[in-house]
Amino acid sequence: MEAWFALLVGIFFTVAVYLLLSKFIIRVLLGVAILGNAVNLLIFAGGRLTRDVPPIIPDGAEALVAPAANALPQALILTAIVISFSFFAFLLVLSWRAYKDLATDNTDEMRVAEPVDEPVPPLGY
């Protein structure tokens, strides 16, 4: 099962990097969302994919009597979901504002701050 999750994580990372290298903002946003999902799945797969009992110590015992599921990766994933959703919402609002001001989602056409007729700065000294 872990091999399939490793393959799926690799596919997610590949698609995310491909979309992040695009020149259209909407594709970059989708790449950020897929990258967040890939990282969450990587953390989840790193915490072992077993169907163990919950990590609850029974009454009268001082330690777990059987192997238990690791709750730390699940807690990390829940935190990462909240952070990635808020980051995606911020990027969505930022790109919407840029689209409304510049009337394009192409990053090559968003070069408003760059002067048109000035010479290129030196590449070395």
# chains A, B, ... in the order shown; residues from 1 in each chain; ligands from 1
$ closest_atom_pairs --of "stretch 82-114 of chain A" --to "stretch 36-44 of chain A" --cutoff "12 Å" --atoms "only C-alpha atoms" --output "Markdown table"
| residue | atom | partner | partner_atom | distance |
| --- | --- | --- | --- | --- |
| A:Val82 | CA | A:Gly36 | CA | 10.5 |
| A:Ile83 | CA | A:Gly36 | CA | 9.3 |
| A:Ser84 | CA | A:Gly36 | CA | 6.1 |
| A:Phe85 | CA | A:Gly36 | CA | 8.7 |
| A:Ser86 | CA | A:Gly36 | CA | 11.4 |
| A:Phe87 | CA | A:Gly36 | CA | 9.8 |
| A:Phe88 | CA | A:Gly36 | CA | 9.3 |
$ write_last_selection --atoms "N, CA, C and O atoms" --output "PDB file, in the first residue's frame"
ATOM      1  N   VAL A  82      -5.245  23.492   7.437  1.00  0.00           N
ATOM      2  CA  VAL A  82      -5.703  24.842   7.780  1.00  0.00           C
ATOM      3  C   VAL A  82      -4.761  25.896   7.217  1.00  0.00           C
ATOM      4  O   VAL A  82      -5.191  26.901   6.630  1.00  0.00           O
ATOM      5  N   ILE A  83      -3.459  25.674   7.363  1.00  0.00           N
ATOM      6  CA  ILE A  83      -2.488  26.646   6.865  1.00  0.00           C
ATOM      7  C   ILE A  83      -2.523  26.731   5.347  1.00  0.00           C
ATOM      8  O   ILE A  83      -2.502  27.826   4.776  1.00  0.00           O
ATOM      9  N   SER A  84      -2.582  25.594   4.658  1.00  0.00           N
ATOM     10  CA  SER A  84      -2.594  25.631   3.192  1.00  0.00           C
ATOM     11  C   SER A  84      -3.890  26.230   2.659  1.00  0.00           C
ATOM     12  O   SER A  84      -3.876  26.908   1.636  1.00  0.00           O
ATOM     13  N   PHE A  85      -5.009  26.006   3.351  1.00  0.00           N
ATOM     14  CA  PHE A  85      -6.258  26.623   2.902  1.00  0.00           C
ATOM     15  C   PHE A  85      -6.214  28.140   3.055  1.00  0.00           C
ATOM     16  O   PHE A  85      -6.640  28.872   2.158  1.00  0.00           O
ATOM     17  N   SER A  86      -5.669  28.618   4.176  1.00  0.00           N
ATOM     18  CA  SER A  86      -5.585  30.070   4.353  1.00  0.00           C
ATOM     19  C   SER A  86      -4.593  30.684   3.364  1.00  0.00           C
ATOM     20  O   SER A  86      -4.836  31.776   2.827  1.00  0.00           O
ATOM     21  N   PHE A  87      -3.495  29.991   3.092  1.00  0.00           N
ATOM     22  CA  PHE A  87      -2.531  30.480   2.102  1.00  0.00           C
ATOM     23  C   PHE A  87      -3.151  30.509   0.708  1.00  0.00           C
ATOM     24  O   PHE A  87      -2.969  31.468  -0.047  1.00  0.00           O
ATOM     25  N   PHE A  88      -3.925  29.472   0.369  1.00  0.00           N
ATOM     26  CA  PHE A  88      -4.596  29.430  -0.928  1.00  0.00           C
ATOM     27  C   PHE A  88      -5.640  30.542  -1.039  1.00  0.00           C
ATOM     28  O   PHE A  88      -5.765  31.165  -2.097  1.00  0.00           O
TER      29      PHE A  88
END
$ residues_around --residues "A:Ala69" --least-positions-apart "2" --cutoff "7 Å" --atoms "only C-alpha atoms" --output "MDAnalysis selection string"
chainID A and resid 52:55 71
$ write_last_selection --atoms "N, CA, C and O atoms" --output "CSV table (one decimal), in the first residue's frame"
chain,number,residue,atom,x,y,z
A,52,ASP,N,-4.2,0.1,13.1
A,52,ASP,CA,-4.0,-0.2,14.5
A,52,ASP,C,-5.1,0.4,15.4
A,52,ASP,O,-5.9,1.2,14.9
A,53,VAL,N,-5.1,0.0,16.6
A,53,VAL,CA,-6.1,0.6,17.6
A,53,VAL,C,-5.7,2.0,17.9
A,53,VAL,O,-4.6,2.4,17.7
A,54,PRO,N,-6.7,2.8,18.4
A,54,PRO,CA,-6.4,4.2,18.8
A,54,PRO,C,-5.4,4.2,19.9
A,54,PRO,O,-5.3,3.2,20.7
A,55,PRO,N,-4.6,5.2,20.0
A,55,PRO,CA,-3.5,5.3,21.1
A,55,PRO,C,-4.1,5.7,22.4
A,55,PRO,O,-3.8,6.7,23.0
A,71,ALA,N,-0.7,9.2,16.2
A,71,ALA,CA,-1.6,10.4,16.1
A,71,ALA,C,-0.9,11.6,15.7
A,71,ALA,O,-1.5,12.6,15.2
$ select_by_dssp --residues "chain A" --states "helix (DSSP H, G or I)" --output "JSON list (two decimals) with N, CA, C and O atoms, in the first residue's frame"
[["chain", "number", "residue", "atom", "x", "y", "z"],
["A", 2, "GLU", "N", 1.99, 1.21, 0.74],
["A", 2, "GLU", "CA", 2.85, 2.39, 0.78],
["A", 2, "GLU", "C", 3.46, 2.70, -0.58],
["A", 2, "GLU", "O", 3.73, 3.86, -0.89],
["A", 3, "ALA", "N", 3.68, 1.67, -1.40],
["A", 3, "ALA", "CA", 4.25, 1.91, -2.73],
["A", 3, "ALA", "C", 3.27, 2.69, -3.59],
["A", 3, "ALA", "O", 3.68, 3.59, -4.35],
["A", 4, "TRP", "N", 1.99, 2.39, -3.47],
["A", 4, "TRP", "CA", 1.00, 3.14, -4.24],
["A", 4, "TRP", "C", 0.91, 4.59, -3.77],
["A", 4, "TRP", "O", 0.77, 5.51, -4.58],
["A", 5, "PHE", "N", 1.01, 4.80, -2.46],
["A", 5, "PHE", "CA", 0.99, 6.16, -1.94],
["A", 5, "PHE", "C", 2.24, 6.92, -2.35],
["A", 5, "PHE", "O", 2.18, 8.11, -2.63],
["A", 6, "ALA", "N", 3.38, 6.25, -2.39],
["A", 6, "ALA", "CA", 4.62, 6.90, -2.84],
["A", 6, "ALA", "C", 4.50, 7.31, -4.31],
["A", 6, "ALA", "O", 4.93, 8.40, -4.69],
["A", 7, "LEU", "N", 3.92, 6.44, -5.12],
["A", 7, "LEU", "CA", 3.71, 6.77, -6.52],
["A", 7, "LEU", "C", 2.74, 7.94, -6.68],
["A", 7, "LEU", "O", 2.97, 8.86, -7.47],
["A", 8, "LEU", "N", 1.68, 7.94, -5.87],
["A", 8, "LEU", "CA", 0.70, 9.02, -5.93],
["A", 8, "LEU", "C", 1.32, 10.35, -5.47],
["A", 8, "LEU", "O", 1.07, 11.40, -6.07],
["A", 9, "VAL", "N", 2.16, 10.31, -4.44],
["A", 9, "VAL", "CA", 2.85, 11.52, -3.99],
["A", 9, "VAL", "C", 3.77, 12.04, -5.08],
["A", 9, "VAL", "O", 3.83, 13.25, -5.34],
["A", 10, "GLY", "N", 4.48, 11.14, -5.76],
["A", 10, "GLY", "CA", 5.35, 11.56, -6.86],
["A", 10, "GLY", "C", 4.57, 12.19, -8.00],
["A", 10, "GLY", "O", 5.00, 13.19, -8.58],
["A", 11, "ILE", "N", 3.42, 11.63, -8.32],
["A", 11, "ILE", "CA", 2.58, 12.20, -9.38],
["A", 11, "ILE", "C", 2.07, 13.58, -8.96],
["A", 11, "ILE", "O", 2.08, 14.53, -9.75],
["A", 12, "PHE", "N", 1.64, 13.71, -7.70],
["A", 12, "PHE", "CA", 1.16, 15.01, -7.21],
["A", 12, "PHE", "C", 2.26, 16.06, -7.27],
["A", 12, "PHE", "O", 2.03, 17.19, -7.70],
["A", 13, "PHE", "N", 3.48, 15.70, -6.83],
["A", 13, "PHE", "CA", 4.58, 16.66, -6.88],
["A", 13, "PHE", "C", 4.92, 17.03, -8.32],
["A", 13, "PHE", "O", 5.20, 18.20, -8.61],
["A", 14, "THR", "N", 4.89, 16.07, -9.22],
["A", 14, "THR", "CA", 5.19, 16.35, -10.63],
["A", 14, "THR", "C", 4.18, 17.30, -11.23],
["A", 14, "THR", "O", 4.54, 18.29, -11.89],
["A", 15, "VAL", "N", 2.91, 17.03, -11.00],
["A", 15, "VAL", "CA", 1.86, 17.90, -11.53],
["A", 15, "VAL", "C", 1.94, 19.29, -10.91],
["A", 15, "VAL", "O", 1.77, 20.31, -11.59],
["A", 16, "ALA", "N", 2.22, 19.35, -9.60],
["A", 16, "ALA", "CA", 2.31, 20.64, -8.92],
["A", 16, "ALA", "C", 3.46, 21.49, -9.47],
["A", 16, "ALA", "O", 3.28, 22.68, -9.72],
["A", 17, "VAL", "N", 4.62, 20.89, -9.65],
["A", 17, "VAL", "CA", 5.76, 21.65, -10.19],
["A", 17, "VAL", "C", 5.47, 22.09, -11.62],
["A", 17, "VAL", "O", 5.78, 23.23, -12.01],
["A", 18, "TYR", "N", 4.85, 21.24, -12.42],
["A", 18, "TYR", "CA", 4.50, 21.61, -13.79],
["A", 18, "TYR", "C", 3.55, 22.81, -13.79],
["A", 18, "TYR", "O", 3.72, 23.74, -14.58],
["A", 19, "LEU", "N", 2.55, 22.79, -12.91],
["A", 19, "LEU", "CA", 1.60, 23.90, -12.87],
["A", 19, "LEU", "C", 2.23, 25.16, -12.29],
["A", 19, "LEU", "O", 1.89, 26.27, -12.72],
["A", 20, "LEU", "N", 3.14, 25.02, -11.33],
["A", 20, "LEU", "CA", 3.80, 26.19, -10.76],
["A", 20, "LEU", "C", 4.70, 26.89, -11.76],
["A", 20, "LEU", "O", 4.95, 28.10, -11.64],
["A", 25, "ILE", "N", -1.73, 32.65, -13.94],
["A", 25, "ILE", "CA", -1.90, 32.69, -12.50],
["A", 25, "ILE", "C", -2.83, 31.59, -12.00],
["A", 25, "ILE", "O", -2.59, 30.99, -10.94],
["A", 26, "ILE", "N", -3.89, 31.27, -12.73],
["A", 26, "ILE", "CA", -4.83, 30.25, -12.26],
["A", 26, "ILE", "C", -4.16, 28.89, -12.19],
["A", 26, "ILE", "O", -4.42, 28.10, -11.28],
["A", 27, "ARG", "N", -3.25, 28.60, -13.11],
["A", 27, "ARG", "CA", -2.51, 27.34, -13.05],
["A", 27, "ARG", "C", -1.54, 27.33, -11.87],
["A", 27, "ARG", "O", -1.33, 26.29, -11.25],
["A", 28, "VAL", "N", -0.96, 28.47, -11.58],
["A", 28, "VAL", "CA", -0.07, 28.56, -10.42],
["A", 28, "VAL", "C", -0.85, 28.30, -9.14],
["A", 28, "VAL", "O", -0.38, 27.60, -8.24],
["A", 29, "LEU", "N", -2.07, 28.84, -9.05],
["A", 29, "LEU", "CA", -2.90, 28.60, -7.88],
["A", 29, "LEU", "C", -3.25, 27.13, -7.73],
["A", 29, "LEU", "O", -3.21, 26.57, -6.63],
["A", 30, "LEU", "N", -3.60, 26.48, -8.83],
["A", 30, "LEU", "CA", -3.88, 25.05, -8.78],
["A", 30, "LEU", "C", -2.63, 24.26, -8.39],
["A", 30, "LEU", "O", -2.72, 23.26, -7.66],
["A", 31, "GLY", "N", -1.47, 24.70, -8.85],
["A", 31, "GLY", "CA", -0.23, 24.04, -8.47],
["A", 31, "GLY", "C", 0.06, 24.16, -6.98],
["A", 31, "GLY", "O", 0.52, 23.20, -6.36],
["A", 32, "VAL", "N", -0.24, 25.31, -6.40],
["A", 32, "VAL", "CA", -0.05, 25.49, -4.96],
["A", 32, "VAL", "C", -0.99, 24.57, -4.19],
["A", 32, "VAL", "O", -0.59, 23.94, -3.19],
["A", 33, "ALA", "N", -2.23, 24.46, -4.64],
["A", 33, "ALA", "CA", -3.19, 23.59, -3.95],
["A", 33, "ALA", "C", -2.78, 22.12, -4.05],
["A", 33, "ALA", "O", -2.84, 21.38, -3.06],
["A", 34, "ILE", "N", -2.34, 21.69, -5.21],
["A", 34, "ILE", "CA", -1.91, 20.30, -5.39],
["A", 34, "ILE", "C", -0.62, 20.04, -4.61],
["A", 34, "ILE", "O", -0.44, 18.94, -4.05],
["A", 35, "LEU", "N", 0.26, 21.01, -4.54],
["A", 35, "LEU", "CA", 1.49, 20.85, -3.76],
["A", 35, "LEU", "C", 1.17, 20.67, -2.28],
["A", 35, "LEU", "O", 1.78, 19.84, -1.60],
["A", 36, "GLY", "N", 0.21, 21.42, -1.77],
["A", 36, "GLY", "CA", -0.21, 21.25, -0.38],
["A", 36, "GLY", "C", -0.78, 19.86, -0.13],
["A", 36, "GLY", "O", -0.49, 19.23, 0.90],
["A", 37, "ASN", "N", -1.58, 19.37, -1.07],
["A", 37, "ASN", "CA", -2.12, 18.02, -0.93],
["A", 37, "ASN", "C", -1.02, 16.96, -1.01],
["A", 37, "ASN", "O", -1.09, 15.94, -0.30],
["A", 38, "ALA", "N", -0.03, 17.18, -1.85],
["A", 38, "ALA", "CA", 1.08, 16.23, -1.96],
["A", 38, "ALA", "C", 1.87, 16.16, -0.66],
["A", 38, "ALA", "O", 2.25, 15.08, -0.22],
["A", 39, "VAL", "N", 2.12, 17.30, -0.05],
["A", 39, "VAL", "CA", 2.86, 17.32, 1.21],
["A", 39, "VAL", "C", 2.05, 16.64, 2.31],
["A", 39, "VAL", "O", 2.59, 15.87, 3.11],
["A", 40, "ASN", "N", 0.73, 16.89, 2.35],
["A", 40, "ASN", "CA", -0.11, 16.23, 3.34],
["A", 40, "ASN", "C", -0.10, 14.72, 3.17],
["A", 40, "ASN", "O", -0.04, 13.97, 4.14],
["A", 41, "LEU", "N", -0.18, 14.27, 1.93],
["A", 41, "LEU", "CA", -0.17, 12.84, 1.67],
["A", 41, "LEU", "C", 1.20, 12.23, 2.01],
["A", 41, "LEU", "O", 1.27, 11.09, 2.50],
["A", 42, "LEU", "N", 2.26, 12.99, 1.79],
["A", 42, "LEU", "CA", 3.60, 12.52, 2.15],
["A", 42, "LEU", "C", 3.74, 12.35, 3.66],
["A", 42, "LEU", "O", 4.27, 11.34, 4.13],
["A", 43, "ILE", "N", 3.24, 13.31, 4.42],
["A", 43, "ILE", "CA", 3.28, 13.20, 5.88],
["A", 43, "ILE", "C", 2.42, 12.03, 6.35],
["A", 43, "ILE", "O", 2.81, 11.27, 7.24],
["A", 44, "PHE", "N", 1.26, 11.87, 5.73],
["A", 44, "PHE", "CA", 0.37, 10.78, 6.10],
["A", 44, "PHE", "C", 1.01, 9.42, 5.82],
["A", 44, "PHE", "O", 0.94, 8.51, 6.65],
["A", 45, "ALA", "N", 1.63, 9.28, 4.67],
["A", 45, "ALA", "CA", 2.29, 8.01, 4.33],
["A", 45, "ALA", "C", 3.52, 7.78, 5.18],
["A", 45, "ALA", "O", 3.88, 6.64, 5.46],
["A", 46, "GLY", "N", 4.18, 8.85, 5.60],
["A", 46, "GLY", "CA", 5.34, 8.71, 6.46],
["A", 46, "GLY", "C", 4.99, 8.23, 7.87],
["A", 46, "GLY", "O", 5.82, 7.70, 8.58],
["A", 71, "ALA", "N", -0.71, 9.23, 16.25],
["A", 71, "ALA", "CA", -1.60, 10.38, 16.12],
["A", 71, "ALA", "C", -0.87, 11.65, 15.69],
["A", 71, "ALA", "O", -1.51, 12.60, 15.24],
["A", 72, "LEU", "N", 0.46, 11.68, 15.77],
["A", 72, "LEU", "CA", 1.21, 12.89, 15.43],
["A", 72, "LEU", "C", 1.09, 13.27, 13.95],
["A", 72, "LEU", "O", 0.82, 14.44, 13.65],
["A", 73, "PRO", "N", 1.26, 12.34, 12.99],
["A", 73, "PRO", "CA", 1.08, 12.74, 11.60],
["A", 73, "PRO", "C", -0.33, 13.25, 11.29],
["A", 73, "PRO", "O", -0.49, 14.17, 10.49],
["A", 74, "GLN", "N", -1.32, 12.68, 11.95],
["A", 74, "GLN", "CA", -2.68, 13.14, 11.72],
["A", 74, "GLN", "C", -2.87, 14.57, 12.23],
["A", 74, "GLN", "O", -3.51, 15.39, 11.57],
["A", 75, "ALA", "N", -2.30, 14.87, 13.38],
["A", 75, "ALA", "CA", -2.37, 16.23, 13.91],
["A", 75, "ALA", "C", -1.61, 17.21, 13.02],
["A", 75, "ALA", "O", -2.06, 18.34, 12.79],
["A", 76, "LEU", "N", -0.45, 16.79, 12.52],
["A", 76, "LEU", "CA", 0.32, 17.66, 11.62],
["A", 76, "LEU", "C", -0.45, 17.93, 10.33],
["A", 76, "LEU", "O", -0.43, 19.05, 9.80],
["A", 77, "ILE", "N", -1.12, 16.91, 9.83],
["A", 77, "ILE", "CA", -1.88, 17.08, 8.59],
["A", 77, "ILE", "C", -3.06, 18.02, 8.79],
["A", 77, "ILE", "O", -3.35, 18.88, 7.94],
["A", 78, "LEU", "N", -3.75, 17.90, 9.93],
["A", 78, "LEU", "CA", -4.86, 18.83, 10.20],
["A", 78, "LEU", "C", -4.37, 20.27, 10.28],
["A", 78, "LEU", "O", -5.02, 21.19, 9.75],
["A", 79, "THR", "N", -3.23, 20.48, 10.91],
["A", 79, "THR", "CA", -2.66, 21.82, 10.96],
["A", 79, "THR", "C", -2.25, 22.30, 9.58],
["A", 79, "THR", "O", -2.49, 23.45, 9.21],
["A", 80, "ALA", "N", -1.65, 21.42, 8.80],
["A", 80, "ALA", "CA", -1.21, 21.79, 7.45],
["A", 80, "ALA", "C", -2.39, 22.09, 6.53],
["A", 80, "ALA", "O", -2.30, 22.95, 5.66],
["A", 81, "ILE", "N", -3.51, 21.41, 6.72],
["A", 81, "ILE", "CA", -4.69, 21.69, 5.91],
["A", 81, "ILE", "C", -5.20, 23.10, 6.17],
["A", 81, "ILE", "O", -5.52, 23.84, 5.24],
["A", 82, "VAL", "N", -5.24, 23.49, 7.44],
["A", 82, "VAL", "CA", -5.70, 24.84, 7.78],
["A", 82, "VAL", "C", -4.76, 25.90, 7.22],
["A", 82, "VAL", "O", -5.19, 26.90, 6.63],
["A", 83, "ILE", "N", -3.46, 25.67, 7.36],
["A", 83, "ILE", "CA", -2.49, 26.65, 6.87],
["A", 83, "ILE", "C", -2.52, 26.73, 5.35],
["A", 83, "ILE", "O", -2.50, 27.83, 4.78],
["A", 84, "SER", "N", -2.58, 25.59, 4.66],
["A", 84, "SER", "CA", -2.59, 25.63, 3.19],
["A", 84, "SER", "C", -3.89, 26.23, 2.66],
["A", 84, "SER", "O", -3.88, 26.91, 1.64],
["A", 85, "PHE", "N", -5.01, 26.01, 3.35],
["A", 85, "PHE", "CA", -6.26, 26.62, 2.90],
["A", 85, "PHE", "C", -6.21, 28.14, 3.05],
["A", 85, "PHE", "O", -6.64, 28.87, 2.16],
["A", 86, "SER", "N", -5.67, 28.62, 4.18],
["A", 86, "SER", "CA", -5.59, 30.07, 4.35],
["A", 86, "SER", "C", -4.59, 30.68, 3.36],
["A", 86, "SER", "O", -4.84, 31.78, 2.83],
["A", 87, "PHE", "N", -3.50, 29.99, 3.09],
["A", 87, "PHE", "CA", -2.53, 30.48, 2.10],
["A", 87, "PHE", "C", -3.15, 30.51, 0.71],
["A", 87, "PHE", "O", -2.97, 31.47, -0.05],
["A", 88, "PHE", "N", -3.92, 29.47, 0.37],
["A", 88, "PHE", "CA", -4.60, 29.43, -0.93],
["A", 88, "PHE", "C", -5.64, 30.54, -1.04],
["A", 88, "PHE", "O", -5.77, 31.17, -2.10],
["A", 89, "ALA", "N", -6.37, 30.80, 0.05],
["A", 89, "ALA", "CA", -7.36, 31.89, 0.02],
["A", 89, "ALA", "C", -6.68, 33.24, -0.17],
["A", 89, "ALA", "O", -7.17, 34.09, -0.92],
["A", 90, "PHE", "N", -5.54, 33.45, 0.49],
["A", 90, "PHE", "CA", -4.79, 34.69, 0.31],
["A", 90, "PHE", "C", -4.31, 34.84, -1.13],
["A", 90, "PHE", "O", -4.44, 35.91, -1.73],
["A", 91, "LEU", "N", -3.76, 33.77, -1.70],
["A", 91, "LEU", "CA", -3.30, 33.84, -3.09],
["A", 91, "LEU", "C", -4.45, 34.04, -4.06],
["A", 91, "LEU", "O", -4.29, 34.72, -5.08],
["A", 92, "LEU", "N", -5.60, 33.46, -3.76],
["A", 92, "LEU", "CA", -6.77, 33.63, -4.61],
["A", 92, "LEU", "C", -7.22, 35.08, -4.63],
["A", 92, "LEU", "O", -7.49, 35.65, -5.70],
["A", 93, "VAL", "N", -7.28, 35.72, -3.47],
["A", 93, "VAL", "CA", -7.67, 37.13, -3.40],
["A", 93, "VAL", "C", -6.62, 38.01, -4.07],
["A", 93, "VAL", "O", -6.95, 38.95, -4.80],
["A", 94, "LEU", "N", -5.34, 37.68, -3.85],
["A", 94, "LEU", "CA", -4.27, 38.46, -4.47],
["A", 94, "LEU", "C", -4.31, 38.36, -5.99],
["A", 94, "LEU", "O", -4.16, 39.36, -6.70],
["A", 95, "SER", "N", -4.54, 37.16, -6.50],
["A", 95, "SER", "CA", -4.60, 37.00, -7.96],
["A", 95, "SER", "C", -5.86, 37.63, -8.53],
["A", 95, "SER", "O", -5.84, 38.16, -9.65],
["A", 96, "TRP", "N", -6.97, 37.56, -7.80],
["A", 96, "TRP", "CA", -8.20, 38.21, -8.27],
["A", 96, "TRP", "C", -8.00, 39.72, -8.36],
["A", 96, "TRP", "O", -8.42, 40.36, -9.32],
["A", 97, "ARG", "N", -7.33, 40.29, -7.37],
["A", 97, "ARG", "CA", -7.06, 41.74, -7.39],
["A", 97, "ARG", "C", -6.13, 42.10, -8.55],
["A", 97, "ARG", "O", -6.33, 43.12, -9.23],
["A", 98, "ALA", "N", -5.12, 41.29, -8.79],
["A", 98, "ALA", "CA", -4.21, 41.55, -9.91],
["A", 98, "ALA", "C", -4.94, 41.41, -11.24],
["A", 98, "ALA", "O", -4.71, 42.20, -12.16],
["A", 99, "TYR", "N", -5.85, 40.46, -11.33],
["A", 99, "TYR", "CA", -6.62, 40.30, -12.57],
["A", 99, "TYR", "C", -7.55, 41.49, -12.79],
["A", 99, "TYR", "O", -7.70, 41.97, -13.92],
["A", 100, "LYS", "N", -8.17, 41.98, -11.73],
["A", 100, "LYS", "CA", -9.06, 43.13, -11.89],
["A", 100, "LYS", "C", -8.30, 44.39, -12.26],
["A", 100, "LYS", "O", -8.79, 45.20, -13.04],
["A", 101, "ASP", "N", -7.10, 44.57, -11.71],
["A", 101, "ASP", "CA", -6.33, 45.78, -12.00],
["A", 101, "ASP", "C", -5.65, 45.72, -13.37],
["A", 101, "ASP", "O", -5.58, 46.73, -14.07],
["A", 102, "LEU", "N", -5.16, 44.54, -13.75],
["A", 102, "LEU", "CA", -4.36, 44.43, -14.97],
["A", 102, "LEU", "C", -5.11, 43.81, -16.14],
["A", 102, "LEU", "O", -4.60, 43.82, -17.26]]
$ residues_around --residues "A:Asn106" --least-positions-apart "2" --cutoff "7 Å" --atoms "only C-alpha atoms" --output "list in words"
Lys23, Phe24, Ile25, Thr104, Asp108, Glu109 and Met110 of chain A
